[in-house]
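Peer 1: If it helps, the file is called data.cif and holds mmCIF, C-alpha atoms:
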data_structure
loop_
_atom_site.group_PDB
_atom_site.id
_atom_site.type_symbol
_atom_site.label_atom_id
_atom_site.label_comp_id
_atom_site.auth_asym_id
_atom_site.auth_seq_id
_atom_site.Cartn_x
_atom_site.Cartn_y
_atom_site.Cartn_z
ATOM 1 C CA MET A 6 -51.112 -22.535 35.312
ATOM 2 C CA ASP A 7 -53.101 -20.698 37.938
ATOM 3 C CA THR A 8 -56.612 -20.990 36.535
ATOM 4 C CA ALA A 9 -58.177 -19.513 39.652
ATOM 5 C CA ALA A 10 -56.041 -16.406 39.275
ATOM 6 C CA ILE A 11 -57.129 -16.042 35.676
ATOM 7 C CA PHE A 12 -60.793 -16.139 36.592
ATOM 8 C CA GLN A 13 -60.093 -13.746 39.464
ATOM 9 C CA LEU A 14 -58.510 -11.361 36.997
ATOM 10 C CA ILE A 15 -61.540 -11.560 34.741
ATOM 11 C CA GLU A 16 -63.894 -10.963 37.651
ATOM 12 C CA GLN A 17 -61.839 -7.985 38.811
ATOM 13 C CA GLY A 18 -61.477 -6.634 35.308
ATOM 14 C CA LEU A 19 -65.231 -6.685 34.928
ATOM 15 C CA THR A 20 -65.532 -4.198 37.790
ATOM 16 C CA LEU A 21 -63.653 -1.664 35.682
ATOM 17 C CA LEU A 22 -65.723 -2.176 32.549
ATOM 18 C CA PRO A 23 -68.768 -0.115 33.610
ATOM 19 C CA LEU A 24 -66.512 2.875 34.218
ATOM 20 C CA LEU A 25 -64.900 2.449 30.842
ATOM 21 C CA ILE A 26 -68.330 2.317 29.211
ATOM 22 C CA GLU A 27 -69.346 5.468 31.074
ATOM 23 C CA ALA A 28 -66.197 7.113 29.757
ATOM 24 C CA GLY A 29 -67.077 6.131 26.210
ATOM 25 C CA VAL A 30 -64.200 3.696 25.847
ATOM 26 C CA SER A 31 -64.657 0.801 23.434
ATOM 27 C CA ILE A 32 -64.221 -2.339 25.500
ATOM 28 C CA ASP A 33 -65.028 -4.985 22.886
ATOM 29 C CA GLN A 34 -61.388 -5.876 22.439
ATOM 30 C CA LYS A 35 -60.729 -6.044 26.175
ATOM 31 C CA ILE A 36 -63.632 -8.450 26.614
ATOM 32 C CA GLU A 37 -62.376 -10.596 23.753
ATOM 33 C CA GLN A 38 -58.949 -10.736 25.347
ATOM 34 C CA MET A 39 -60.464 -11.690 28.696
ATOM 35 C CA ILE A 40 -62.397 -14.464 26.967
ATOM 36 C CA THR A 41 -59.196 -15.652 25.326
ATOM 37 C CA LEU A 42 -57.483 -15.808 28.702
ATOM 38 C CA ALA A 43 -60.487 -17.576 30.208
ATOM 39 C CA GLN A 44 -60.430 -20.172 27.449
ATOM 40 C CA ALA A 45 -56.715 -20.690 27.937
ATOM 41 C CA GLY A 46 -57.327 -21.145 31.645
ATOM 42 C CA SER A 47 -60.201 -23.586 31.305
ATOM 43 C CA SER A 48 -58.591 -25.636 28.555
ATOM 44 C CA GLY A 49 -55.171 -25.761 30.143
ATOM 45 C CA VAL A 50 -53.653 -24.707 26.839
ATOM 46 C CA PRO A 51 -51.253 -21.763 27.185
ATOM 47 C CA ILE A 52 -52.188 -18.543 25.438
ATOM 48 C CA SER A 53 -50.982 -18.451 21.844
ATOM 49 C CA ASP A 54 -48.039 -16.331 20.789
ATOM 50 C CA VAL A 55 -50.346 -14.387 18.467
ATOM 51 C CA ASP A 56 -52.776 -13.532 21.267
ATOM 52 C CA LEU A 57 -49.925 -12.666 23.612
ATOM 53 C CA ALA A 58 -48.380 -10.398 20.988
ATOM 54 C CA LYS A 59 -51.702 -8.581 20.576
ATOM 55 C CA ILE A 60 -52.074 -8.074 24.314
ATOM 56 C CA ARG A 61 -48.502 -6.810 24.498
ATOM 57 C CA ALA A 62 -49.037 -4.377 21.614
ATOM 58 C CA ASP A 63 -52.275 -3.014 23.071
ATOM 59 C CA PHE A 64 -50.639 -2.473 26.429
ATOM 60 C CA ASP A 65 -47.669 -0.697 24.871
ATOM 61 C CA ASN A 66 -49.980 1.578 22.905
ATOM 62 C CA ASP A 67 -52.217 2.449 25.851
ATOM 63 C CA LEU A 68 -49.286 2.974 28.207
ATOM 64 C CA SER A 69 -47.521 5.200 25.700
ATOM 65 C CA THR A 70 -50.663 7.304 25.390
ATOM 66 C CA PHE A 71 -50.988 7.695 29.144
ATOM 67 C CA ASN A 72 -47.332 8.517 29.633
ATOM 68 C CA GLN A 73 -47.523 11.467 27.249
ATOM 69 C CA PRO A 74 -47.446 14.791 29.106
ATOM 70 C CA ILE A 75 -50.942 16.059 29.785
ATOM 71 C CA ALA A 76 -51.984 18.839 27.406
ATOM 72 C CA MET B 9 -67.452 -1.952 50.414
ATOM 73 C CA ASN B 10 -68.056 -5.474 49.256
ATOM 74 C CA ARG B 11 -67.709 -6.518 45.641
ATOM 75 C CA LEU B 12 -71.433 -6.820 45.016
ATOM 76 C CA ALA B 13 -72.069 -3.331 46.296
ATOM 77 C CA ARG B 14 -69.264 -2.002 44.142
ATOM 78 C CA LEU B 15 -70.663 -3.727 41.087
ATOM 79 C CA LEU B 16 -74.073 -2.211 41.742
ATOM 80 C CA ILE B 17 -72.742 1.272 42.325
ATOM 81 C CA LEU B 18 -70.158 1.627 39.582
ATOM 82 C CA PRO B 19 -72.529 1.619 36.588
ATOM 83 C CA THR B 20 -74.472 4.541 38.037
ATOM 84 C CA LEU B 21 -71.522 6.890 38.121
ATOM 85 C CA ALA B 22 -71.222 9.612 35.524
ATOM 86 C CA LEU B 23 -67.738 10.396 34.260
ATOM 87 C CA SER B 24 -67.708 13.830 35.835
ATOM 88 C CA LEU B 25 -68.337 12.272 39.207
ATOM 89 C CA ALA B 26 -66.354 9.163 38.609
ATOM 90 C CA SER B 27 -62.818 10.454 38.443
ATOM 91 C CA CYS B 28 -62.025 9.478 42.004
ATOM 92 C CA ALA B 29 -64.094 6.340 41.615
ATOM 93 C CA GLN B 30 -62.032 5.516 38.553
ATOM 94 C CA LEU B 31 -58.859 5.665 40.559
ATOM 95 C CA GLN B 32 -60.494 3.604 43.269
ATOM 96 C CA ALA B 33 -61.673 1.025 40.785
ATOM 97 C CA ILE B 34 -58.257 0.902 39.206
ATOM 98 C CA GLU B 35 -56.744 0.408 42.591
ATOM 99 C CA THR B 36 -59.182 -2.260 43.681
ATOM 100 C CA GLY B 37 -59.671 -3.895 40.315
ATOM 101 C CA ILE B 38 -56.302 -5.505 40.085
ATOM 102 C CA SER B 39 -54.501 -7.734 42.475
ATOM 103 C CA LEU B 40 -51.089 -9.028 41.579
ATOM 104 C CA ALA B 41 -49.681 -11.807 43.702
ATOM 105 C CA THR B 42 -46.025 -11.924 44.590
ATOM 106 C CA LYS B 43 -44.138 -14.502 42.588
ATOM 107 C CA SER B 44 -41.390 -16.841 43.673
ATOM 108 C CA ILE B 45 -39.156 -19.208 41.781
ATOM 109 C CA THR B 46 -41.438 -22.086 42.714
ATOM 110 C CA ASN B 47 -44.354 -20.125 41.269
ATOM 111 C CA PRO B 48 -42.937 -19.127 37.903
ATOM 112 C CA VAL B 49 -44.148 -16.595 35.404
ATOM 113 C CA THR B 50 -45.694 -18.278 32.375
ATOM 114 C CA LYS B 51 -46.874 -16.703 29.126
ATOM 115 C CA THR B 52 -50.449 -16.943 30.302
ATOM 116 C CA GLU B 53 -49.565 -15.269 33.585
ATOM 117 C CA GLU B 54 -47.667 -12.581 31.743
ATOM 118 C CA ALA B 55 -50.779 -12.049 29.609
ATOM 119 C CA GLN B 56 -52.771 -11.730 32.842
ATOM 120 C CA VAL B 57 -50.432 -9.043 34.107
ATOM 121 C CA GLU B 58 -50.435 -7.191 30.799
ATOM 122 C CA LEU B 59 -54.213 -7.290 30.407
ATOM 123 C CA ALA B 60 -54.775 -6.279 34.029
ATOM 124 C CA LEU B 61 -52.381 -3.362 33.767
ATOM 125 C CA ASP B 62 -53.744 -2.423 30.342
ATOM 126 C CA THR B 63 -57.283 -2.285 31.706
ATOM 127 C CA ALA B 64 -56.044 -0.006 34.465
ATOM 128 C CA ILE B 65 -54.139 2.170 32.003
ATOM 129 C CA THR B 66 -57.237 2.359 29.795
ATOM 130 C CA ALA B 67 -59.180 3.676 32.760
ATOM 131 C CA LEU B 68 -56.356 6.104 33.520
ATOM 132 C CA ASN B 69 -56.490 7.303 29.924
ATOM 133 C CA ALA B 70 -60.216 7.958 30.378
ATOM 134 C CA TYR B 71 -59.411 9.877 33.567
ATOM 135 C CA LYS B 72 -56.741 11.840 31.692
ATOM 136 C CA SER B 73 -59.190 12.649 28.883
ATOM 137 C CA ALA B 74 -61.752 13.816 31.419
ATOM 138 C CA CYS B 75 -59.071 15.951 33.027
ATOM 139 C CA VAL B 76 -58.205 17.611 29.713
ATOM 140 C CA ALA B 77 -61.918 18.162 29.074
ATOM 141 C CA GLY B 78 -62.269 19.816 32.471
ATOM 142 C CA THR B 79 -64.724 17.277 33.828
ATOM 143 C CA ALA B 80 -62.447 15.544 36.316
ATOM 144 C CA ASP B 81 -61.515 16.666 39.821
ATOM 145 C CA LYS B 82 -59.473 19.811 40.392
ATOM 146 C CA ASN B 83 -56.372 17.846 41.375
ATOM 147 C CA CYS B 84 -56.417 15.637 38.315
ATOM 148 C CA ARG B 85 -53.379 17.164 36.604
ATOM 149 C CA ALA B 86 -51.224 16.755 39.674
ATOM 150 C CA ASN B 87 -52.618 13.263 40.224
ATOM 151 C CA ILE B 88 -51.809 12.237 36.671
ATOM 152 C CA ALA B 89 -48.311 13.703 36.852
ATOM 153 C CA GLN B 90 -47.658 11.754 40.036
ATOM 154 C CA ILE B 91 -48.985 8.515 38.562
ATOM 155 C CA GLN B 92 -46.912 9.045 35.424
ATOM 156 C CA ALA B 93 -43.800 9.178 37.597
ATOM 157 C CA TYR B 94 -44.464 5.503 38.253
ATOM 158 C CA THR B 95 -45.963 4.406 34.954
ATOM 159 C CA ARG B 96 -42.998 5.792 33.022
ATOM 160 C CA ASN B 97 -40.900 3.122 34.685
ATOM 161 C CA VAL B 98 -43.155 0.346 33.442
ATOM 162 C CA PRO B 99 -42.005 0.043 29.801
ATOM 163 C CA ALA B 100 -38.411 -0.838 30.694
ATOM 164 C CA LEU B 101 -39.555 -3.415 33.223
ATOM 165 C CA MET B 102 -42.059 -4.862 30.773
ATOM 166 C CA VAL B 103 -39.360 -5.310 28.139
ATOM 167 C CA GLN B 104 -37.321 -7.259 30.671
ATOM 168 C CA LEU B 105 -40.284 -9.357 31.814
ATOM 169 C CA ARG B 106 -41.227 -10.258 28.248
ATOM 170 C CA ASN B 107 -37.667 -11.199 27.415
ATOM 171 C CA PHE B 108 -37.309 -13.396 30.484
ATOM 172 C CA VAL B 109 -40.655 -15.083 29.849
ATOM 173 C CA ASP B 110 -39.788 -15.644 26.190
ATOM 174 C CA THR B 111 -36.474 -17.227 27.123
ATOM 175 C CA ASN B 112 -38.000 -19.118 30.067
ATOM 176 C CA ASP B 113 -35.669 -17.358 32.492
ATOM 177 C CA GLN B 114 -38.068 -17.884 35.377
ATOM 178 C CA VAL B 115 -35.767 -16.605 38.100
ATOM 179 C CA ASN B 116 -35.309 -13.191 36.526
ATOM 180 C CA ALA B 117 -38.917 -13.137 35.304
ATOM 181 C CA SER B 118 -40.083 -13.524 38.878
ATOM 182 C CA VAL B 119 -37.783 -10.703 40.001
ATOM 183 C CA VAL B 120 -39.133 -8.312 37.374
ATOM 184 C CA TYR B 121 -42.696 -9.473 37.960
ATOM 185 C CA ASN B 122 -42.301 -8.570 41.616
ATOM 186 C CA GLN B 123 -40.773 -5.214 40.692
ATOM 187 C CA LEU B 124 -43.828 -4.482 38.559
ATOM 188 C CA THR B 125 -46.061 -5.487 41.430
ATOM 189 C CA ALA B 126 -44.164 -3.136 43.735
ATOM 190 C CA LEU B 127 -44.452 -0.346 41.182
ATOM 191 C CA TYR B 128 -48.189 -0.888 40.943
ATOM 192 C CA ASN B 129 -48.446 -0.836 44.718
ATOM 193 C CA ASN B 130 -46.710 2.553 44.677
ATOM 194 C CA VAL B 131 -49.429 3.832 42.353
ATOM 195 C CA LYS B 132 -52.007 2.529 44.798
ATOM 196 C CA ALA B 133 -50.182 4.196 47.687
ATOM 197 C CA PHE B 134 -50.138 7.488 45.815
ATOM 198 C CA ALA B 135 -53.889 7.263 45.190
ATOM 199 C CA SER B 136 -54.309 6.870 48.918
ATOM 200 C CA THR B 137 -52.157 9.894 49.785
ATOM 201 C CA ALA B 138 -54.020 11.914 47.155
ATOM 202 C CA GLY B 139 -57.098 11.586 49.303
ATOM 203 C CA VAL B 140 -58.842 8.989 47.208
ATOM 204 C CA ASN B 141 -60.982 6.663 49.275
ATOM 205 C CA LEU B 142 -59.494 3.311 48.474
ATOM 206 C CA GLY B 143 -61.854 1.121 50.429
ATOM 207 C CA ALA B 144 -60.883 -2.250 51.811
ATOM 208 C CA ILE B 145 -58.222 -4.138 49.900
#
Can you dump the structure from the file as structure tokens?
Peer 2:
Amino acid sequence: MDTAAIFQLIEQGLTLLPLLIEAGVSIDQKIEQMITLAQAGSSGVPISDVDLAKIRADFDNDLSTFNQPIA
Amino acid sequence: MNRLARLLILPTLALSLASCAQLQAIETGISLATKSITNPVTKTEEAQVELALDTAITALNAYKSACVAGTADKNCRANIAQIQAYTRNVPALMVQLRNFVDTNDQVNASVVYNQLTALYNNVKAFASTAGVNLGAI
């Protein structure tokens, strides 16, 4: 497990959060997911299937929304 | 622009002025390393990729909303259409990646992971050709 990469991701993800806040996007869930990944990285325990399924579902939903033709 | 400067500047941007900055932040906010068979894709790493891409897509959705509302840049519709040309290829690749990770097929997982990385790099390249200042990567 590449713990350094996980923390790098979290650090980089944080740079996007202010913009999301400015845009009025709720980021609570994203932060929780980043914390989950951070905990998995620091503990050495792989992410749970439940957490992975949630991340997958959120990504699918957001990507589907973006891929819709613009109105 | 160094990271500290970016962190200090980003919160001050209003959405109407941030559309290009959003693309820049999306572009600079995620770095996906190339994978090899000796550096396999694990569930945690897959979660990294998914969360990283999802954060970017969330920002793109905000950009798209601003575009619909008329508060983004004048080229936003064309920009979004161009980015969608790439992002519409993501779901099929993600299905493959998830399947390979679930079945611990690390060779094929690495191949798809690298395809996703290449796809993301194409999005970054488009942002550059669209005149967005991408800064140092």
Peer 1: Quick check, in Å to one decimal: how far apart do atom CA of Ala93 of chain B and atom CA of Ala28 of chain A lie?
Peer 2: 23.8 Å
Peer 1: Given the file shown, determine the residues that the PyMOL selection byres ((chain A and resi 65-75) around 6) selects; report them as a list of chain:residue names.
Peer 2: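 Evaluating the PyMOL selection byres ((chain A and resi 65-75) around 6) on these coordinates yields A:Ala62, A:Asp63, A:Phe64, A:Ala76, B:Asn69, B:Gln92.
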Peer 1: As an exercise, work out the distance from atom CA of Ala55 of chain B to atom CA of Leu42 of chain A in Å and give it to one decimal place.
Peer 2: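 About the pair atom CA of Ala55 of chain B and atom CA of Leu42 of chain A: they are 7.7 Å apart.
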Peer 1: B:Ala70, B:Asp113, B:Arg106, B:Ile88: which is nearest Ile60 of chain A, counting all atoms listed in the file?
Peer 2: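 Using all atoms listed in the file, Ile60 of chain A sits closest to B:Arg106.
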Peer 1: What gap, in Å, lies between atom CA of Gln123 of chain B and atom CA of Leu101 of chain B?
Peer 2: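 Here the two named atoms are 7.8 Å from each other.
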Peer 1: Using only C-alpha atoms, pick whichever of A:Ile26, A:Ile52, A:Ser47, A:Gln34 has the shortest atom-to-atom distance to chain B.
Peer 2: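 With only C-alpha atoms as the atom set, the closest residue is A:Ile52.
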